file start_16.cif (mmCIF, C-alpha atoms)
data_input
loop_
_atom_site.group_PDB
_atom_site.id
_atom_site.type_symbol
_atom_site.label_atom_id
_atom_site.label_comp_id
_atom_site.auth_asym_id
_atom_site.auth_seq_id
_atom_site.Cartn_x
_atom_site.Cartn_y
_atom_site.Cartn_z
ATOM 1 C CA MET A 82 0.000 0.000 0.000
ATOM 2 C CA SER A 83 1.295 3.466 -0.764
ATOM 3 C CA LEU A 84 -0.097 6.663 0.564
ATOM 4 C CA GLN A 85 2.148 8.926 -1.474
ATOM 5 C CA MET A 86 0.385 11.435 -3.599
ATOM 6 C CA LEU A 87 1.381 11.180 -7.239
ATOM 7 C CA PRO A 88 5.020 12.276 -7.160
ATOM 8 C CA GLU A 89 5.425 13.306 -10.780
ATOM 9 C CA GLY A 90 2.362 15.507 -10.676
ATOM 10 C CA GLN A 91 1.167 14.594 -14.156
ATOM 11 C CA GLU A 92 -2.348 15.558 -13.236
ATOM 12 C CA THR A 93 -1.397 17.968 -10.547
ATOM 13 C CA PRO A 94 -3.817 17.234 -7.748
ATOM 14 C CA ASP A 95 -5.350 20.606 -7.146
ATOM 15 C CA VAL A 96 -7.237 19.343 -4.135
ATOM 16 C CA GLN A 97 -6.428 20.795 -0.746
ATOM 17 C CA VAL A 98 -5.726 18.322 2.023
ATOM 18 C CA SER A 99 -7.590 19.328 5.149
ATOM 19 C CA TRP A 100 -6.803 18.141 8.648
ATOM 20 C CA GLU A 101 -9.887 15.975 8.425
ATOM 21 C CA ASP A 102 -8.519 14.276 5.299
ATOM 22 C CA GLN A 103 -5.147 13.867 6.952
ATOM 23 C CA THR A 104 -6.808 12.219 9.944
ATOM 24 C CA ARG A 105 -8.674 9.861 7.612
ATOM 25 C CA ILE A 106 -5.458 8.942 5.827
ATOM 26 C CA ASN A 107 -3.704 8.381 9.165
ATOM 27 C CA THR A 108 -6.529 6.269 10.513
ATOM 28 C CA PHE A 109 -6.544 4.209 7.352
ATOM 29 C CA SER A 110 -2.823 3.634 7.622
ATOM 30 C CA LYS A 111 -3.141 2.718 11.296
ATOM 31 C CA LEU A 112 -5.993 0.301 10.676
ATOM 32 C CA ASN A 113 -4.059 -1.268 7.854
ATOM 33 C CA THR A 114 -1.193 -2.145 10.201
ATOM 34 C CA ARG A 115 -3.640 -3.359 12.818
ATOM 35 C CA LEU A 116 -5.331 -5.561 10.249
ATOM 36 C CA THR A 117 -2.042 -7.156 9.207
ATOM 37 C CA ASN A 118 -1.249 -8.035 12.818
ATOM 38 C CA LEU A 119 -4.721 -9.365 13.520
ATOM 39 C CA GLU A 120 -4.732 -11.530 10.414
ATOM 40 C CA GLU A 121 -1.454 -13.049 11.517
ATOM 41 C CA GLU A 122 -2.888 -13.790 14.944
ATOM 42 C CA TYR A 123 -6.043 -15.178 13.385
ATOM 43 C CA GLN A 124 -4.046 -17.601 11.239
ATOM 44 C CA LYS A 125 -2.057 -18.758 14.267
ATOM 45 C CA THR A 126 -5.177 -19.362 16.316
ATOM 46 C CA LYS A 127 -6.799 -21.159 13.409
ATOM 47 C CA ASP A 128 -3.812 -23.495 13.064
ATOM 48 C CA GLU A 129 -3.921 -24.147 16.794
ATOM 49 C CA MET A 130 -7.617 -24.933 16.479
ATOM 50 C CA GLU A 131 -6.954 -27.441 13.716
ATOM 51 C CA TYR A 132 -4.260 -29.182 15.757
ATOM 52 C CA LEU A 133 -6.630 -29.442 18.670
ATOM 53 C CA GLU A 134 -9.363 -30.890 16.491
ATOM 54 C CA ASP A 135 -6.970 -33.438 15.001
ATOM 55 C CA VAL A 136 -5.665 -34.522 18.347
ATOM 56 C CA SER A 137 -9.179 -34.744 19.796
ATOM 57 C CA THR A 138 -10.096 -37.236 17.095
ATOM 58 C CA GLU A 139 -6.902 -39.230 17.477
ATOM 59 C CA ILE A 140 -7.210 -39.512 21.230
ATOM 60 C CA GLU A 141 -10.530 -41.338 20.909
ATOM 61 C CA LEU A 142 -8.536 -44.367 19.765
ATOM 62 C CA ILE A 143 -6.837 -44.630 23.159
ATOM 63 C CA ASP A 144 -8.350 -46.460 26.107
ATOM 64 C CA GLU A 145 -9.822 -44.249 28.817
ATOM 65 C CA ASP A 146 -7.536 -45.489 31.582
ATOM 66 C CA GLU A 147 -4.387 -45.427 29.564
ATOM 67 C CA LEU A 148 -1.798 -42.753 30.400
ATOM 68 C CA VAL A 149 -1.090 -40.110 27.817
ATOM 69 C CA GLN A 150 1.669 -37.514 27.806
ATOM 70 C CA TYR A 151 0.053 -34.116 28.035
ATOM 71 C CA LYS A 152 2.205 -31.018 27.720
ATOM 72 C CA VAL A 153 1.911 -28.196 30.206
ATOM 73 C CA GLY A 154 4.555 -25.515 29.884
ATOM 74 C CA ASP A 155 7.677 -27.370 28.779
ATOM 75 C CA THR A 156 6.976 -30.677 30.521
ATOM 76 C CA PHE A 157 4.931 -33.701 29.535
ATOM 77 C CA TYR A 158 2.731 -35.134 32.282
ATOM 78 C CA TRP A 159 1.511 -38.721 32.124
ATOM 79 C CA ILE A 160 -2.163 -38.432 32.834
ATOM 80 C CA LYS A 161 -5.239 -40.494 32.093
ATOM 81 C CA GLN A 162 -6.783 -40.297 28.651
ATOM 82 C CA SER A 163 -10.147 -39.263 30.127
ATOM 83 C CA GLU A 164 -8.574 -36.287 31.852
ATOM 84 C CA VAL A 165 -6.653 -35.289 28.743
ATOM 85 C CA VAL A 166 -9.905 -35.339 26.794
ATOM 86 C CA GLU A 167 -11.426 -32.976 29.346
ATOM 87 C CA ARG A 168 -8.462 -30.628 29.169
ATOM 88 C CA LEU A 169 -8.479 -30.701 25.372
ATOM 89 C CA GLU A 170 -12.133 -29.751 25.372
ATOM 90 C CA LYS A 171 -11.337 -26.733 27.495
ATOM 91 C CA ASP A 172 -8.395 -25.798 25.233
ATOM 92 C CA THR A 173 -10.610 -26.077 22.168
ATOM 93 C CA GLU A 174 -13.275 -23.931 23.788
ATOM 94 C CA ASN A 175 -10.736 -21.203 24.544
ATOM 95 C CA ALA A 176 -9.252 -21.325 21.057
ATOM 96 C CA SER A 177 -12.650 -21.151 19.429
ATOM 97 C CA ALA A 178 -13.662 -18.192 21.612
ATOM 98 C CA SER A 179 -10.590 -16.183 20.690
ATOM 99 C CA LEU A 180 -11.018 -17.178 17.061
ATOM 100 C CA SER A 181 -14.504 -15.697 16.841
ATOM 101 C CA GLU A 182 -13.335 -12.624 18.751
ATOM 102 C CA LEU A 183 -10.532 -12.088 16.233
ATOM 103 C CA ASP A 184 -12.899 -12.685 13.352
ATOM 104 C CA GLU A 185 -15.217 -9.999 14.641
ATOM 105 C CA LYS A 186 -12.363 -7.518 15.080
ATOM 106 C CA VAL A 187 -11.111 -8.155 11.550
ATOM 107 C CA GLY A 188 -14.623 -7.586 10.213
ATOM 108 C CA THR A 189 -15.052 -4.267 12.035
ATOM 109 C CA ILE A 190 -11.682 -2.998 10.829
ATOM 110 C CA LYS A 191 -12.412 -3.997 7.234
ATOM 111 C CA ASP A 192 -15.746 -2.159 7.330
ATOM 112 C CA GLU A 193 -14.128 0.926 8.763
ATOM 113 C CA MET A 194 -11.370 0.811 6.154
ATOM 114 C CA ASN A 195 -13.870 0.500 3.327
ATOM 115 C CA ASP A 196 -15.714 3.579 4.561
ATOM 116 C CA LEU A 197 -12.480 5.541 4.729
ATOM 117 C CA LYS A 198 -11.461 4.265 1.314
ATOM 118 C CA ALA A 199 -14.729 5.409 -0.214
ATOM 119 C CA SER A 200 -14.509 8.940 1.162
ATOM 120 C CA LEU A 201 -10.804 9.315 0.376
ATOM 121 C CA TYR A 202 -11.108 8.054 -3.207
ATOM 122 C CA ALA A 203 -14.127 10.303 -3.687
ATOM 123 C CA LYS A 204 -12.044 13.329 -2.797
ATOM 124 C CA PHE A 205 -8.608 12.487 -4.188
ATOM 125 C CA GLY A 206 -9.347 10.114 -7.044
ATOM 126 C CA ASN A 207 -6.199 8.519 -8.404
ATOM 127 C CA ALA A 208 -3.972 11.030 -6.621
ATOM 128 C CA ILE A 209 -3.994 8.599 -3.742
ATOM 129 C CA ASN A 210 -3.321 4.899 -3.603
ATOM 130 C CA LEU A 211 -4.864 2.887 -0.789
ATOM 131 C CA GLU A 212 -4.309 -0.621 -2.073
ATOM 132 C CA ARG A 213 -2.130 -3.129 -0.349
ATOM 133 C CA MET B 154 6.961 12.834 34.549
ATOM 134 C CA SER B 155 4.324 15.031 33.024
ATOM 135 C CA THR B 156 0.766 15.306 34.165
ATOM 136 C CA THR B 157 -1.987 16.185 31.776
ATOM 137 C CA SER B 158 -3.739 19.450 32.481
ATOM 138 C CA SER B 159 -6.558 20.984 30.511
ATOM 139 C CA SER B 160 -4.265 23.586 28.930
ATOM 140 C CA GLU B 161 -2.082 20.976 27.179
ATOM 141 C CA PRO B 162 -2.796 20.209 23.526
ATOM 142 C CA LYS B 163 -5.116 17.278 22.898
ATOM 143 C CA PRO B 164 -4.522 14.568 20.277
ATOM 144 C CA GLY B 165 -4.840 16.098 16.818
ATOM 145 C CA GLU B 166 -3.972 19.604 17.996
ATOM 146 C CA ALA B 167 -0.626 21.165 17.102
ATOM 147 C CA GLY B 168 2.071 20.500 19.674
ATOM 148 C CA TYR B 169 0.461 17.366 21.094
ATOM 149 C CA VAL B 170 2.823 14.939 22.778
ATOM 150 C CA ASN B 171 1.621 11.413 23.490
ATOM 151 C CA PRO B 172 1.869 9.960 27.044
ATOM 152 C CA ARG B 173 5.263 8.429 26.256
ATOM 153 C CA GLY B 174 6.646 11.732 25.011
ATOM 154 C CA ILE B 175 6.357 11.168 21.270
ATOM 155 C CA PRO B 176 5.603 14.487 19.570
ATOM 156 C CA GLN B 177 2.925 14.807 16.925
ATOM 157 C CA ALA B 178 4.119 15.749 13.458
ATOM 158 C CA PRO B 179 3.097 19.201 12.188
ATOM 159 C CA PHE B 180 0.271 19.266 9.682
ATOM 160 C CA ILE B 181 0.378 21.679 6.762
ATOM 161 C CA GLU B 182 -2.890 23.542 6.416
ATOM 162 C CA ALA B 183 -2.075 25.200 3.078
ATOM 163 C CA VAL B 184 1.146 24.502 1.223
ATOM 164 C CA GLU B 185 1.484 27.959 -0.383
ATOM 165 C CA GLU B 186 1.337 29.587 3.040
ATOM 166 C CA TYR B 187 3.716 27.109 4.579
ATOM 167 C CA VAL B 188 6.382 27.301 1.879
ATOM 168 C CA ARG B 189 6.039 30.936 0.697
ATOM 169 C CA SER B 190 8.952 30.822 -1.741
ATOM 170 C CA ARG B 191 10.448 28.072 -3.860
ATOM 171 C CA ASP B 192 13.897 28.618 -2.343
ATOM 172 C CA GLN B 193 12.629 27.095 0.875
ATOM 173 C CA VAL B 194 11.418 23.867 -0.701
ATOM 174 C CA GLU B 195 14.706 22.070 -0.400
ATOM 175 C CA SER B 196 15.288 22.903 3.262
ATOM 176 C CA ILE B 197 11.675 22.070 4.112
ATOM 177 C CA LEU B 198 11.893 18.692 2.406
ATOM 178 C CA GLN B 199 15.166 18.154 4.233
ATOM 179 C CA SER B 200 13.531 18.852 7.597
ATOM 180 C CA PHE B 201 10.700 16.421 6.768
ATOM 181 C CA GLN B 202 13.300 13.817 5.929
ATOM 182 C CA GLU B 203 14.922 14.330 9.322
ATOM 183 C CA MET B 204 11.581 14.059 11.088
ATOM 184 C CA LEU B 205 10.831 10.911 9.174
ATOM 185 C CA SER B 206 14.083 9.239 10.151
ATOM 186 C CA LYS B 207 13.507 10.170 13.803
ATOM 187 C CA TYR B 208 10.048 8.597 13.721
ATOM 188 C CA LYS B 209 11.410 5.530 11.922
ATOM 189 C CA TYR B 210 14.113 5.196 14.550
ATOM 190 C CA MET B 211 11.532 5.318 17.340
ATOM 191 C CA GLU B 212 9.412 2.836 15.429
ATOM 192 C CA MET B 213 12.340 0.425 15.183
ATOM 193 C CA SER B 214 13.178 0.563 18.869
ATOM 194 C CA THR B 215 9.517 0.234 19.883
ATOM 195 C CA LEU B 216 9.141 -2.734 17.549
ATOM 196 C CA ARG B 217 12.134 -4.346 19.199
ATOM 197 C CA ARG B 218 10.675 -3.769 22.657
ATOM 198 C CA ALA B 219 7.338 -5.219 21.548
ATOM 199 C CA ALA B 220 9.088 -8.274 20.112
ATOM 200 C CA GLY B 221 10.854 -8.803 23.442
ATOM 201 C CA LEU B 222 7.553 -8.650 25.299
ATOM 202 C CA ARG B 223 5.911 -11.014 22.811
ATOM 203 C CA GLU B 224 8.620 -13.503 23.702
ATOM 204 C CA LYS B 225 8.364 -12.917 27.426
ATOM 205 C CA ILE B 226 4.576 -13.227 27.658
ATOM 206 C CA PRO B 227 4.303 -16.878 26.522
ATOM 207 C CA ASP B 228 7.127 -17.753 28.932
ATOM 208 C CA ILE B 229 5.255 -16.303 31.888
ATOM 209 C CA GLN B 230 2.042 -17.902 30.621
ATOM 210 C CA LYS B 231 3.717 -21.311 30.465
ATOM 211 C CA THR B 232 5.002 -21.003 34.018
ATOM 212 C CA LEU B 233 1.599 -19.872 35.223
ATOM 213 C CA ASP B 234 -0.061 -22.788 33.393
ATOM 214 C CA THR B 235 2.293 -25.212 35.101
ATOM 215 C CA VAL B 236 1.664 -23.762 38.554
ATOM 216 C CA LEU B 237 -2.091 -23.907 37.979
ATOM 217 C CA PHE B 238 -1.778 -27.470 36.725
ATOM 218 C CA LEU B 239 0.177 -28.536 39.810
ATOM 219 C CA ASP B 240 -2.386 -26.742 41.946
ATOM 220 C CA SER B 241 -5.195 -28.713 40.340
ATOM 221 C CA LYS B 242 -3.313 -31.926 41.127
ATOM 222 C CA ARG B 243 -2.694 -31.145 44.778
ATOM 223 C CA ASP B 244 -5.969 -32.618 45.971
ATOM 224 C CA ALA B 245 -6.141 -35.351 43.353
ATOM 225 C CA GLU B 246 -6.260 -38.932 44.562
ATOM 226 C CA GLU B 247 -2.917 -39.458 42.907
ATOM 227 C CA PRO B 248 -0.829 -36.303 43.401
ATOM 228 C CA THR B 249 2.325 -37.993 42.139
ATOM 229 C CA MET B 250 2.684 -38.091 38.373
ATOM 230 C CA LEU B 251 5.203 -39.463 36.004
ATOM 231 C CA THR B 252 6.598 -36.692 33.865
ATOM 232 C CA THR B 253 8.831 -36.434 30.866
ATOM 233 C CA PHE B 254 10.793 -33.257 31.252
ATOM 234 C CA GLU B 255 13.402 -31.508 29.192
ATOM 235 C CA LEU B 256 16.780 -32.183 30.752
ATOM 236 C CA ASN B 257 18.615 -30.317 28.062
ATOM 237 C CA ASP B 258 17.893 -29.272 24.499
ATOM 238 C CA THR B 259 16.421 -32.297 22.706
ATOM 239 C CA LEU B 260 17.132 -34.513 25.746
ATOM 240 C CA TYR B 261 14.200 -35.653 27.852
ATOM 241 C CA ALA B 262 14.199 -37.672 31.071
ATOM 242 C CA LYS B 263 11.496 -39.162 33.239
ATOM 243 C CA ALA B 264 10.760 -38.075 36.770
ATOM 244 C CA ASN B 265 8.089 -38.528 39.373
ATOM 245 C CA VAL B 266 6.662 -35.210 40.432
ATOM 246 C CA THR B 267 4.457 -34.785 43.467
ATOM 247 C CA ALA B 268 2.245 -31.742 43.484
ATOM 248 C CA SER B 269 2.947 -30.056 46.791
ATOM 249 C CA ASP B 270 2.008 -26.820 48.505
ATOM 250 C CA SER B 271 4.905 -24.828 47.182
ATOM 251 C CA VAL B 272 6.853 -24.205 44.015
ATOM 252 C CA TYR B 273 10.186 -22.583 43.288
ATOM 253 C CA LEU B 274 10.304 -19.633 40.963
ATOM 254 C CA TRP B 275 13.432 -18.544 39.187
ATOM 255 C CA LEU B 276 13.627 -14.812 39.716
ATOM 256 C CA GLY B 277 16.717 -14.225 37.599
ATOM 257 C CA ALA B 278 20.199 -13.139 38.662
ATOM 258 C CA ASN B 279 20.843 -16.656 40.009
ATOM 259 C CA VAL B 280 18.093 -16.389 42.570
ATOM 260 C CA MET B 281 15.342 -18.938 43.121
ATOM 261 C CA LEU B 282 12.667 -18.569 45.758
ATOM 262 C CA GLU B 283 10.131 -20.915 47.267
ATOM 263 C CA TYR B 284 6.539 -19.691 47.074
ATOM 264 C CA PRO B 285 3.279 -21.120 48.336
ATOM 265 C CA ILE B 286 1.190 -22.016 45.268
ATOM 266 C CA ALA B 287 -1.324 -19.215 45.816
ATOM 267 C CA GLU B 288 1.403 -16.593 46.109
ATOM 268 C CA ALA B 289 3.196 -17.915 43.053
ATOM 269 C CA THR B 290 -0.052 -17.696 41.107
ATOM 270 C CA ASP B 291 -0.594 -14.104 42.227
ATOM 271 C CA LEU B 292 2.963 -13.111 41.390
ATOM 272 C CA LEU B 293 2.874 -14.701 37.948
ATOM 273 C CA THR B 294 -0.561 -13.279 37.175
ATOM 274 C CA ALA B 295 0.660 -9.800 38.123
ATOM 275 C CA LYS B 296 3.795 -10.212 36.001
ATOM 276 C CA LEU B 297 1.737 -11.427 33.066
ATOM 277 C CA LYS B 298 -0.653 -8.523 33.367
ATOM 278 C CA ALA B 299 2.202 -6.008 33.566
ATOM 279 C CA ALA B 300 3.842 -7.472 30.472
ATOM 280 C CA GLN B 301 0.561 -7.439 28.552
ATOM 281 C CA GLU B 302 -0.024 -3.859 29.645
ATOM 282 C CA SER B 303 3.360 -2.668 28.403
ATOM 283 C CA LEU B 304 2.827 -4.545 25.150
ATOM 284 C CA LYS B 305 -0.434 -2.671 24.754
ATOM 285 C CA LEU B 306 1.342 0.637 25.296
ATOM 286 C CA CYS B 307 3.989 -0.388 22.765
ATOM 287 C CA GLU B 308 1.281 -1.095 20.239
ATOM 288 C CA GLU B 309 -0.390 2.224 21.002
ATOM 289 C CA ASP B 310 2.930 4.000 20.416
ATOM 290 C CA LEU B 311 3.475 2.083 17.190
ATOM 291 C CA GLU B 312 0.081 3.173 15.905
ATOM 292 C CA PHE B 313 0.765 6.775 16.900
ATOM 293 C CA LEU B 314 4.145 6.613 15.168
ATOM 294 C CA ARG B 315 2.514 5.110 12.068
ATOM 295 C CA GLU B 316 0.039 7.999 11.964
ATOM 296 C CA ASN B 317 2.788 10.589 12.226
ATOM 297 C CA ILE B 318 4.969 8.869 9.659
ATOM 298 C CA THR B 319 1.977 9.037 7.331
ATOM 299 C CA THR B 320 1.464 12.736 8.055
ATOM 300 C CA VAL B 321 5.093 13.512 7.258
ATOM 301 C CA GLU B 322 4.952 11.404 4.099
ATOM 302 C CA VAL B 323 1.858 13.231 2.924
ATOM 303 C CA ASN B 324 3.488 16.572 3.817
ATOM 304 C CA THR B 325 6.496 15.634 1.726
ATOM 305 C CA ALA B 326 4.356 14.675 -1.245
ATOM 306 C CA ARG B 327 2.316 17.859 -1.012
ATOM 307 C CA VAL B 328 5.314 20.186 -0.849
ATOM 308 C CA TYR B 329 6.973 18.253 -3.665
ATOM 309 C CA ASN B 330 3.867 18.442 -5.839
ATOM 310 C CA TRP B 331 3.510 22.131 -5.124
ATOM 311 C CA ASP B 332 7.111 22.681 -6.257
ATOM 312 C CA VAL B 333 6.601 20.700 -9.462
ATOM 313 C CA GLN B 334 3.506 22.701 -10.264
ATOM 314 C CA LYS B 335 5.187 26.039 -9.548
ATOM 315 C CA ARG B 336 8.123 25.105 -11.741
ATOM 316 C CA ARG B 337 5.806 24.184 -14.579
ATOM 317 C CA GLU B 338 3.884 27.429 -14.209
ATOM 318 C CA GLU B 339 7.112 29.401 -14.355
ATOM 319 C CA LYS B 340 8.239 27.515 -17.438
ATOM 320 C CA GLU B 341 4.952 28.173 -19.179
ATOM 321 C CA ALA B 342 5.117 31.836 -18.257
ATOM 322 C CA GLY B 343 8.683 31.989 -19.607
ATOM 323 C CA GLU B 344 7.639 30.435 -22.909
ATOM 324 C CA ARG B 345 4.823 32.890 -23.307
ATOM 325 C CA ILE B 346 7.232 35.803 -22.976
ATOM 326 C CA LYS B 347 9.457 34.404 -25.721
#

call {"tool": "encode", "arguments": {"input": "start_16.cif", "output": "structure tokens"}}
result
Amino acid sequence: MSLQMLPEGQETPDVQVSWEDQTRINTFSKLNTRLTNLEEEYQKTKDEMEYLEDVSTEIELIDEDELVQYKVGDTFYWIKQSEVVERLEKDTENASASLSELDEKVGTIKDEMNDLKASLYAKFGNAINLER
Amino acid sequence: MSTTSSSEPKPGEAGYVNPRGIPQAPFIEAVEEYVRSRDQVESILQSFQEMLSKYKYMEMSTLRRAAGLREKIPDIQKTLDTVLFLDSKRDAEEPTMLTTFELNDTLYAKANVTASDSVYLWLGANVMLEYPIAEATDLLTAKLKAAQESLKLCEEDLEFLRENITTVEVNTARVYNWDVQKRREEKEAGERIK
């Protein structure tokens, strides 16, 4: 994304930039960075979610009383399959909650950015570039 | 330490300084009033360039601080998770568990661990202290919260820096465009005279 006005001034933009416009441009730029970070976090959480789902399916193949190595911090604890299942359920719940929270945030930011884009393009036309 | 009083500039007003002392970049209301004569263009662009590199420098160091915190937070979280896990095992019918723990990089060994009433926390500087589980939990929770809080402030600063970098970039483009236009006007005027 580039926010530079046309440097060569072929079609000299004769539009004045007001403080309001500047604020819009700044907000857009800020939201754009925020969006990049959130999307990264979203992907990470989504991967985590998939791992949890995979492991939850796999663990069904193990007998309830058998001991499984469950990782907490940097250590594996040998605990019963039934307890691991419980803990995995809780982990999945947490991951899914933060996933939908992130999804909502991304949506709000995208909406806001589209609004800003519309008003900025309306005023500056191709003197401004708001694409990624 | 500065305290905010009502007379100090608010965000968006000229002269605003954010809570961590980062100044807001000046906004140009009208280029022709700001520049006045074409001789000034070069020195003005130069000063914008300096501002920009100062902001970029602050951005770099803040990014580094944020990266450090992003590393620290999962570490604290892991320790807290372990303490909470041991706590949950204290009253279990079988408080002793077999564990596979990391003895060294890529080397794991087995050990029997009994969840007891206290844990030892490494405080750094070769100091380790014994804490009752509840106190350890409180300490770690407080540390985690503090780290998350400073990460939030780092992110706030980064966004503020981003905004100001954008302002300076737009300023630069506007002054540059104004100069190009003026030069063209002068050239056209010169041709007309010939």

call {"tool": "interface_residues", "arguments": {"input": "start_16.cif", "of": "chain B", "to": "chain A", "cutoff": "10 Å", "atoms": "only C-alpha atoms", "output": "MDAnalysis selection string"}}
result
chainID B and resid 165:166 180:184 227:239 250:256 261 263:266 308 311:320 322:327 329:334

call {"tool": "residues_around", "arguments": {"input": "start_16.cif", "residues": "stretch 171-185 of chain A", "least_positions_apart": "3", "cutoff": "12 Å", "atoms": "only C-alpha atoms", "output": "ChimeraX atom specification"}}
result
/A:115-116,118-137,153,164-168,188-192

call {"tool": "write_last_selection", "arguments": {"input": "start_16.cif", "atoms": "C-alpha atoms", "output": "PDB file, in the frame of the given file"}}
result
ATOM      1  CA  ARG A 115      -3.640  -3.359  12.818  1.00  0.00           C
ATOM      2  CA  LEU A 116      -5.331  -5.561  10.249  1.00  0.00           C
ATOM      3  CA  ASN A 118      -1.249  -8.035  12.818  1.00  0.00           C
ATOM      4  CA  LEU A 119      -4.721  -9.365  13.520  1.00  0.00           C
ATOM      5  CA  GLU A 120      -4.732 -11.530  10.414  1.00  0.00           C
ATOM      6  CA  GLU A 121      -1.454 -13.049  11.517  1.00  0.00           C
ATOM      7  CA  GLU A 122      -2.888 -13.790  14.944  1.00  0.00           C
ATOM      8  CA  TYR A 123      -6.043 -15.178  13.385  1.00  0.00           C
ATOM      9  CA  GLN A 124      -4.046 -17.601  11.239  1.00  0.00           C
ATOM     10  CA  LYS A 125      -2.057 -18.758  14.267  1.00  0.00           C
ATOM     11  CA  THR A 126      -5.177 -19.362  16.316  1.00  0.00           C
ATOM     12  CA  LYS A 127      -6.799 -21.159  13.409  1.00  0.00           C
ATOM     13  CA  ASP A 128      -3.812 -23.495  13.064  1.00  0.00           C
ATOM     14  CA  GLU A 129      -3.921 -24.147  16.794  1.00  0.00           C
ATOM     15  CA  MET A 130      -7.617 -24.933  16.479  1.00  0.00           C
ATOM     16  CA  GLU A 131      -6.954 -27.441  13.716  1.00  0.00           C
ATOM     17  CA  TYR A 132      -4.260 -29.182  15.757  1.00  0.00           C
ATOM     18  CA  LEU A 133      -6.630 -29.442  18.670  1.00  0.00           C
ATOM     19  CA  GLU A 134      -9.363 -30.890  16.491  1.00  0.00           C
ATOM     20  CA  ASP A 135      -6.970 -33.438  15.001  1.00  0.00           C
ATOM     21  CA  VAL A 136      -5.665 -34.522  18.347  1.00  0.00           C
ATOM     22  CA  SER A 137      -9.179 -34.744  19.796  1.00  0.00           C
ATOM     23  CA  VAL A 153       1.911 -28.196  30.206  1.00  0.00           C
ATOM     24  CA  GLU A 164      -8.574 -36.287  31.852  1.00  0.00           C
ATOM     25  CA  VAL A 165      -6.653 -35.289  28.743  1.00  0.00           C
ATOM     26  CA  VAL A 166      -9.905 -35.339  26.794  1.00  0.00           C
ATOM     27  CA  GLU A 167     -11.426 -32.976  29.346  1.00  0.00           C
ATOM     28  CA  ARG A 168      -8.462 -30.628  29.169  1.00  0.00           C
ATOM     29  CA  GLY A 188     -14.623  -7.586  10.213  1.00  0.00           C
ATOM     30  CA  THR A 189     -15.052  -4.267  12.035  1.00  0.00           C
ATOM     31  CA  ILE A 190     -11.682  -2.998  10.829  1.00  0.00           C
ATOM     32  CA  LYS A 191     -12.412  -3.997   7.234  1.00  0.00           C
ATOM     33  CA  ASP A 192     -15.746  -2.159   7.330  1.00  0.00           C
TER      34      ASP A 192
END

call {"tool": "atom_distance", "arguments": {"input": "start_16.cif", "atom1": "atom CA of B:Asp240", "atom2": "atom CA of B:Glu283"}}
result
14.8 Å

call {"tool": "closest_residue", "arguments": {"input": "start_16.cif", "among": "B:Arg173, B:Lys225, B:Lys209, B:Arg189", "to": "B:Leu297", "atoms": "all atoms listed in the file"}}
result
B:Lys225

call {"tool": "resolve_selection", "arguments": {"input": "start_16.cif", "expression": "the PyMOL selection byres ((chain B and resi 218) around 12)", "output": "list in words"}}
result
Met211, Glu212, Met213, Ser214, Thr215, Leu216, Arg217, Ala219, Ala220, Gly221, Leu222, Arg223, Glu224, Lys225, Ala300, Ser303, Leu304, Lys305, Leu306, Cys307, Glu308, Asp310 and Leu311 of chain B
